[in-house]
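Shown here: my_file.csv, CSV, C-alpha atoms and all ligand atoms.
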```csv
chain,number,residue,atom,x,y,z
T,1,MET,CA,124.2,-83.0,72.5
T,2,SER,CA,121.5,-83.2,69.8
T,3,LEU,CA,121.5,-87.0,70.1
T,4,HIS,CA,119.3,-86.6,73.1
T,5,GLY,CA,116.5,-84.1,73.6
T,6,THR,CA,112.8,-83.5,73.1
T,7,TYR,CA,111.0,-83.6,69.8
T,8,ASP,CA,110.4,-80.1,68.3
T,9,SER,CA,107.0,-80.2,66.6
T,10,ASP,CA,108.0,-77.1,64.6
T,11,ASN,CA,110.8,-78.9,62.8
T,12,ILE,CA,110.7,-78.6,59.0
T,13,PHE,CA,109.5,-82.2,58.4
T,14,ALA,CA,106.7,-81.8,61.0
T,15,LYS,CA,105.6,-78.7,59.1
T,16,ILE,CA,105.6,-80.7,55.8
T,17,ILE,CA,103.5,-83.5,57.4
T,18,ARG,CA,101.0,-80.9,58.7
T,19,GLY,CA,100.9,-79.2,55.3
T,20,ASP,CA,102.3,-76.0,56.7
T,21,MET,CA,105.3,-76.3,54.3
T,22,PRO,CA,105.3,-77.4,50.7
T,23,ALA,CA,107.1,-80.6,49.6
T,24,VAL,CA,107.3,-82.5,46.4
T,25,LYS,CA,105.8,-85.8,47.4
T,26,VAL,CA,106.4,-89.2,45.8
T,27,PHE,CA,104.1,-91.4,47.8
T,28,GLU,CA,102.4,-91.5,51.2
T,29,ASP,CA,99.9,-93.4,53.2
T,30,ASP,CA,98.5,-92.7,56.7
T,31,GLN,CA,101.9,-93.7,58.3
T,32,VAL,CA,104.7,-92.8,56.0
T,33,LEU,CA,105.7,-90.1,53.5
T,34,ALA,CA,108.4,-90.2,50.8
T,35,PHE,CA,109.3,-86.8,49.2
T,36,MET,CA,112.1,-85.2,47.2
T,37,ASP,CA,115.0,-83.7,49.1
T,38,VAL,CA,115.2,-80.0,48.1
T,39,PHE,CA,119.0,-80.0,48.4
T,40,PRO,CA,119.6,-83.3,46.5
T,41,GLN,CA,123.0,-85.0,46.6
T,42,SER,CA,122.1,-86.8,43.4
T,43,ARG,CA,119.3,-86.9,40.8
T,44,GLY,CA,116.3,-88.6,42.6
T,45,HIS,CA,117.4,-88.0,46.2
T,46,MET,CA,114.4,-88.8,48.4
T,47,LEU,CA,113.6,-88.7,52.1
T,48,VAL,CA,111.4,-91.2,53.9
T,49,ILE,CA,109.7,-90.2,57.1
T,50,SER,CA,107.0,-91.4,59.5
T,51,LYS,CA,103.9,-89.2,59.7
T,52,THR,CA,103.0,-90.3,63.1
T,53,SER,CA,106.1,-90.9,65.2
T,54,LYS,CA,107.8,-88.2,67.3
T,55,ALA,CA,111.2,-90.0,67.1
T,56,ARG,CA,114.1,-87.6,66.5
T,57,ASN,CA,116.5,-90.4,65.6
T,58,LEU,CA,117.0,-94.1,65.5
T,59,LEU,CA,117.4,-94.3,69.3
T,60,ASP,CA,113.9,-92.9,69.9
T,61,ALA,CA,112.1,-95.0,67.3
T,62,GLU,CA,109.4,-97.5,68.2
T,63,ALA,CA,109.9,-100.9,66.5
T,64,LYS,CA,106.6,-100.6,64.6
T,65,THR,CA,107.7,-97.2,63.2
T,66,LEU,CA,111.0,-98.6,62.1
T,67,GLY,CA,109.3,-101.6,60.4
T,68,ARG,CA,107.1,-99.3,58.4
T,69,LEU,CA,109.9,-96.8,57.6
T,70,ILE,CA,112.3,-99.4,56.3
T,71,GLY,CA,109.5,-101.0,54.3
T,72,ALA,CA,108.7,-97.6,52.7
T,73,THR,CA,112.4,-97.0,52.2
T,74,GLN,CA,112.7,-100.3,50.3
T,75,LYS,CA,109.7,-99.3,48.2
T,76,ALA,CA,111.4,-95.9,47.4
T,77,VAL,CA,114.6,-97.7,46.4
T,78,ALA,CA,112.7,-100.1,44.1
T,79,ALA,CA,110.8,-97.2,42.5
T,80,VAL,CA,113.8,-95.0,41.9
T,81,THR,CA,115.8,-97.9,40.6
T,82,ALA,CA,113.1,-98.7,38.1
T,83,ALA,CA,112.4,-95.1,37.1
T,84,LEU,CA,115.9,-93.5,36.9
T,85,LYS,CA,118.1,-96.6,36.3
T,86,PRO,CA,120.9,-95.6,38.7
T,87,ASP,CA,124.0,-97.8,39.0
T,88,GLY,CA,123.6,-98.0,42.8
T,89,VAL,CA,121.4,-96.6,45.6
T,90,MET,CA,122.7,-95.4,48.9
T,91,VAL,CA,120.5,-95.4,52.0
T,92,SER,CA,121.7,-93.3,54.9
T,93,GLN,CA,120.4,-92.0,58.2
T,94,PHE,CA,122.2,-89.7,60.6
T,95,ASN,CA,121.8,-89.5,64.4
T,96,GLY,CA,122.9,-86.2,66.1
T,97,ALA,CA,124.5,-83.1,64.7
T,98,PRO,CA,128.1,-84.4,64.8
T,99,ALA,CA,126.9,-87.3,62.7
T,100,GLY,CA,125.5,-84.9,60.1
T,101,GLN,CA,121.9,-84.7,61.2
T,102,THR,CA,120.3,-81.3,60.6
T,103,VAL,CA,116.6,-82.1,60.8
T,104,PHE,CA,115.6,-83.8,64.1
T,105,HIS,CA,112.7,-85.9,62.8
T,106,LEU,CA,113.8,-89.4,62.0
T,107,HIS,CA,114.4,-89.9,58.3
T,108,PHE,CA,116.1,-92.2,55.8
T,109,HIS,CA,117.9,-90.7,52.7
T,110,VAL,CA,117.5,-92.6,49.5
T,111,ILE,CA,120.3,-91.4,47.2
T,112,PRO,CA,120.7,-92.9,43.7
T,113,ARG,CA,124.3,-93.2,42.6
T,114,TYR,CA,125.4,-93.0,39.0
T,115,GLU,CA,128.7,-94.4,37.7
T,116,GLY,CA,131.3,-91.7,37.4
T,117,GLU,CA,129.2,-89.0,39.2
T,118,PRO,CA,130.5,-87.9,42.5
T,119,LEU,CA,128.1,-87.5,45.4
T,120,GLY,CA,126.9,-83.9,45.9
T,121,ARG,CA,127.7,-82.1,49.1
T,122,HIS,CA,125.1,-82.5,51.9
T,123,GLY,CA,122.6,-79.6,51.8
T,124,GLU,CA,124.6,-77.6,49.3
T,125,ALA,CA,122.6,-76.7,46.2
T,126,MET,CA,118.9,-76.1,46.2
T,127,ALA,CA,117.0,-77.9,43.4
T,128,ASP,CA,114.5,-76.3,41.0
T,129,VAL,CA,111.1,-77.4,42.3
T,130,GLU,CA,109.8,-78.0,38.7
T,131,ASP,CA,112.6,-80.4,38.1
T,132,LEU,CA,111.8,-82.2,41.4
T,133,LYS,CA,108.2,-82.5,40.3
T,134,VAL,CA,109.2,-84.2,37.0
T,135,LEU,CA,111.5,-86.6,38.9
T,136,ALA,CA,108.8,-87.3,41.6
T,137,GLU,CA,106.2,-88.1,38.9
T,138,LYS,CA,108.6,-90.4,37.1
T,139,ILE,CA,109.5,-92.3,40.4
T,140,ALA,CA,105.8,-92.4,41.5
T,141,ALA,CA,104.9,-93.9,38.1
T,142,ALA,CA,107.3,-96.8,38.8
T,143,LEU,CA,105.8,-97.7,42.2
D,201,LIG,P1,119.9,-84.7,57.7
D,201,LIG,O1,121.0,-83.8,57.5
D,201,LIG,O2,119.1,-84.3,58.9
D,201,LIG,O3,120.2,-86.1,57.7
D,201,LIG,O4,118.9,-84.5,56.5
D,201,LIG,C1,118.0,-83.5,56.3
D,201,LIG,C2,117.7,-83.4,54.9
D,201,LIG,O5,116.6,-82.6,54.7
D,201,LIG,C3,118.9,-82.7,54.1
D,201,LIG,O6,119.3,-83.6,53.0
D,201,LIG,C4,118.2,-81.5,53.5
D,201,LIG,O7,118.6,-81.2,52.2
D,201,LIG,C5,116.7,-81.8,53.6
D,201,LIG,N1,115.9,-80.6,53.8
D,201,LIG,C6,116.1,-79.6,54.6
D,201,LIG,N2,115.1,-78.7,54.5
D,201,LIG,C7,114.2,-79.2,53.6
D,201,LIG,C8,113.0,-78.7,53.1
D,201,LIG,O8,112.4,-77.7,53.5
D,201,LIG,N3,112.3,-79.5,52.2
D,201,LIG,C9,112.9,-80.7,51.8
D,201,LIG,N4,112.2,-81.4,50.8
D,201,LIG,N5,114.1,-81.1,52.2
D,201,LIG,C10,114.7,-80.4,53.1
```

Structure rendered as structure tokens:
Amino acid sequence: MSLHGTYDSDNIFAKIIRGDMPAVKVFEDDQVLAFMDVFPQSRGHMLVISKTSKARNLLDAEAKTLGRLIGATQKAVAAVTAALKPDGVMVSQFNGAPAGQTVFHLHFHVIPRYEGEPLGRHGEAMADVEDLKVLAEKIAAAL
């Protein structure tokens, strides 16, 4: 069902892009934004989104948008690797509610993984914003 449909300009990420909702940002330019996931599945969990596209998921996305997004995702992976020294980094992207998508604005998850630490549950525990700010600064410093 949610795999197809129209873009809702009041989704949470659209509000963050407009500045109507706060977010702990790591980096941005006129096209893309990387920010901390407020329900992190691991230390340093980030989200990478397009600031201009109205794509809800991968199926909707223009090739140019995808190119920019994956480039920004690579940049986020490199920065978090340098800053937090994880043992691995998972990149994920969900299409449609049955696949696990909850926000219908195309995004990539960048989830650092640490040896021996299980992955947190999706959307379970809310992070302390001050902790996220410290992490974001550290990651941004490694860009
Ligand atoms: P999805 O389930 O759609 O792939 O991922 C949506 C992600 O957005 C989830 O990991 C969730 O924790 C995150 N999220 C939901 N609401 C907010 C919010 O208001 N701020 C931030 N920074 N992340 C959010």

Proximity check chain T to ligand LIG 201 (chain D), 10 Å, nearest pairs one decimal Å, all atoms listed in the file, as a tab-separated table:
```
residue	atom	partner	partner_atom	distance
T:Asn11	CA	D:LIG201	N2	9.3
T:Ile12	CA	D:LIG201	O8	5.8
T:Phe13	CA	D:LIG201	C8	7.3
T:Lys15	CA	D:LIG201	O8	8.9
T:Ile16	CA	D:LIG201	N3	7.7
T:Met21	CA	D:LIG201	O8	7.3
T:Pro22	CA	D:LIG201	N3	7.5
T:Ala23	CA	D:LIG201	N4	5.3
T:Val24	CA	D:LIG201	N4	6.7
T:Lys25	CA	D:LIG201	N4	8.5
T:Ala34	CA	D:LIG201	N4	9.6
T:Phe35	CA	D:LIG201	N4	6.3
T:Met36	CA	D:LIG201	N4	5.2
T:Asp37	CA	D:LIG201	N4	4.0
T:Val38	CA	D:LIG201	N4	4.3
T:Phe39	CA	D:LIG201	O7	4.0
T:Pro40	CA	D:LIG201	O7	6.2
T:Gln41	CA	D:LIG201	O6	7.5
T:His45	CA	D:LIG201	O6	8.3
T:Met46	CA	D:LIG201	N4	8.1
T:Leu47	CA	D:LIG201	C2	7.3
T:Arg56	CA	D:LIG201	O2	9.7
T:Asn57	CA	D:LIG201	O2	9.4
T:Ser92	CA	D:LIG201	O3	7.9
T:Gln93	CA	D:LIG201	O3	5.9
T:Phe94	CA	D:LIG201	O3	5.0
T:Asn95	CA	D:LIG201	O3	7.7
T:Gly96	CA	D:LIG201	O2	8.4
T:Ala97	CA	D:LIG201	O2	8.0
T:Ala99	CA	D:LIG201	O3	8.4
T:Gly100	CA	D:LIG201	O1	5.3
T:Gln101	CA	D:LIG201	O2	3.6
T:Thr102	CA	D:LIG201	O2	3.7
T:Val103	CA	D:LIG201	O2	3.8
T:Phe104	CA	D:LIG201	O2	6.3
T:His105	CA	D:LIG201	O2	7.7
T:Leu106	CA	D:LIG201	O2	8.0
T:His107	CA	D:LIG201	O3	7.0
T:Phe108	CA	D:LIG201	O3	7.6
T:His109	CA	D:LIG201	O3	7.2
T:Val110	CA	D:LIG201	O6	9.8
T:Ile111	CA	D:LIG201	O6	9.8
T:Arg121	CA	D:LIG201	O6	9.4
T:His122	CA	D:LIG201	O6	6.0
T:Gly123	CA	D:LIG201	O7	4.3
T:Glu124	CA	D:LIG201	O7	7.6
T:Ala125	CA	D:LIG201	O7	8.5
T:Met126	CA	D:LIG201	O7	7.9
T:Ala127	CA	D:LIG201	N4	9.5
T:Val129	CA	D:LIG201	N4	9.5
T:Leu132	CA	D:LIG201	N4	9.4
```

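One distance worth recording is that between atom CA of T:Ala14 and atom CA of T:Thr52, which is 9.5 Å.
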
Could you tell me how far atom CA of T:Asp29 lies from atom CA of T:Leu66, in Å and to one decimal?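 Going from atom CA of T:Asp29 over to atom CA of T:Leu66 covers 15.1 Å.
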
Between atom CA of T:Glu130 and atom CA of T:Arg68, what distance in Å does the model show, to one decimal? 29.1 Å

For T:Ala78, which residue out of T:Leu59, T:Pro112, T:Asp10, T:Leu119 is the nearest one, using all atoms listed in the file?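 The answer is T:Pro112, which sits nearest to T:Ala78.
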
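Neighbouring residues of T:Ala76 at 9 Å or closer, counting only C-alpha atoms and skipping chain neighbours under 2 positions away, are Val26, Phe27, Ala34, Met46, Leu47, Val48, Gly71, Ala72, Thr73, Gln74, Ala78, Ala79, Val80, Thr81, Val110, Ile139, Ala140 and Leu143 of chain T.
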